[in-house]
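J.: Before we start, here is the structure in question, set down as structure tokens.
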Amino acid sequence: MHHGSLKTSILVRSREDVRIILVRAPRYVPQGETASIELEVANGMPKGIKAVSVVPASELRIMPSEYFIGDMEADDVFSASFDVDTSDLSPGTMRRR
């Protein structure tokens with residue numbers, strides 16, 4: 001029988017690497033109108049990241065289907081906005097994550 005031990009360390013961070021921050025969204029939208037949603041994408045990593053994209057994960061019709069930011073340096077913040085088409089939703093419909 002063989003026994004051994006291994007000492008190792010881990011880095012614990014108290015912040016997220018990339019954050020999506022909701023800046024503006026309507027509380028309600030009349031049926032058939034377009035709702036605009038504004039976001040900020042923040043790089044919380046201590047180094048740059050490459051080829052950053054924001055892709056909405058929803059069954060709703062959202063334009064654009066992808067917002068490409070590209071490279072982000074440490075602590076960079078970029079704005080992104082999306083339009084949500086409500087023409088195929090019934091009044092009172094609520095969609096949540």
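Residue numbering restarts at 1 in every chain; chains get A, B, ... in the order shown in the structure tokens, and ligands count up from 1 in that same order.
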Excluding Asp88 of chain A and any residue of its chain fewer than 5 positions from it, enumerate the residues within 9 Å of it, using only C-alpha atoms, and give them as a PyMOL selection string.
T.: chain A and resi 31-32+60-61
J.: Quick one: everything within 6 Å of Glu66 of chain A, counting only C-alpha atoms, minus sequence neighbours fewer than 2 positions away in the same chain. Send it as a list of chain:residue names.
T.: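 Listed by chain and then number, they are A:Val54, A:Val55, A:Pro64.
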J.: Env of Ala42 of chain A: 7 Å cut, atoms = only C-alpha atoms, seq-sep filter 5 positions within chain, self excluded. Answer as an NGL selection string.
T.: :A and (18-20 or 75-78)
J.: Keeping C-alpha atoms, export the residues of the selection given above as a PDB file, in the first residue's frame.
T.:
```pdb
ATOM      1  CA  VAL A  18     -17.480  39.270 -16.828  1.00  0.00           C
ATOM      2  CA  ARG A  19     -20.689  40.964 -15.711  1.00  0.00           C
ATOM      3  CA  ILE A  20     -23.821  41.896 -17.610  1.00  0.00           C
ATOM      4  CA  ASP A  75     -11.785  46.892 -16.250  1.00  0.00           C
ATOM      5  CA  ASP A  76     -13.275  47.837 -19.662  1.00  0.00           C
ATOM      6  CA  VAL A  77     -17.017  48.529 -19.817  1.00  0.00           C
ATOM      7  CA  PHE A  78     -18.961  48.513 -23.089  1.00  0.00           C
TER       8      PHE A  78
END
```
J.: Could you check which of A:Val52, A:Leu89, A:Val41, A:Ala35 is closest to Phe68 of chain A, using only C-alpha atoms?
T.: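 The answer is A:Val52, which sits nearest to Phe68 of chain A.
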J.: Mind pulling up the distance from atom CA of Lys50 of chain A to atom CA of Val23 of chain A?
T.: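 Atom-to-atom, atom CA of Val23 of chain A and atom CA of Lys50 of chain A are spaced 23.4 Å apart.
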J.: Quote the spacing between atom CA of Ser65 of chain A and atom CA of Ile49 of chain A in Å to one decimal place.
T.: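 So the two atoms, atom CA of Ser65 of chain A and atom CA of Ile49 of chain A, lie 21.4 Å apart.
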J.: What is the atom CA of Ile37 of chain A-atom CA of Arg24 of chain A distance in Å, reported with one decimal?
T.: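 That distance, rounded to one decimal, is 5.7 Å.
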J.: Skipping near chain neighbours, those fewer than 5 positions away, what residues fall within 8 Å of Ser79 of chain A using only C-alpha atoms, listed as an MDAnalysis selection string?
T.: chainID A and resid 38:41
J.: Please determine, counting only C-alpha atoms, which residue among A:Asp71, A:Ile62, A:Pro46, A:Pro26 has the shortest atom-to-atom distance to Ser87 of chain A.
T.: A:Ile62
J.: Pick out the residues sitting within 7 Å of Thr34 of chain A, and hand them over as a PyMOL selection string; count only C-alpha atoms, and ignore anything fewer than 4 positions along from it in its own chain.
T.: chain A and resi 83-86
J.: Nearest to Glu73 of chain A: which of A:Leu22, A:Ala51, A:Asn43, A:Pro30 is it, counting only C-alpha atoms?
T.: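 So, comparing all the options, the nearest one is A:Asn43.
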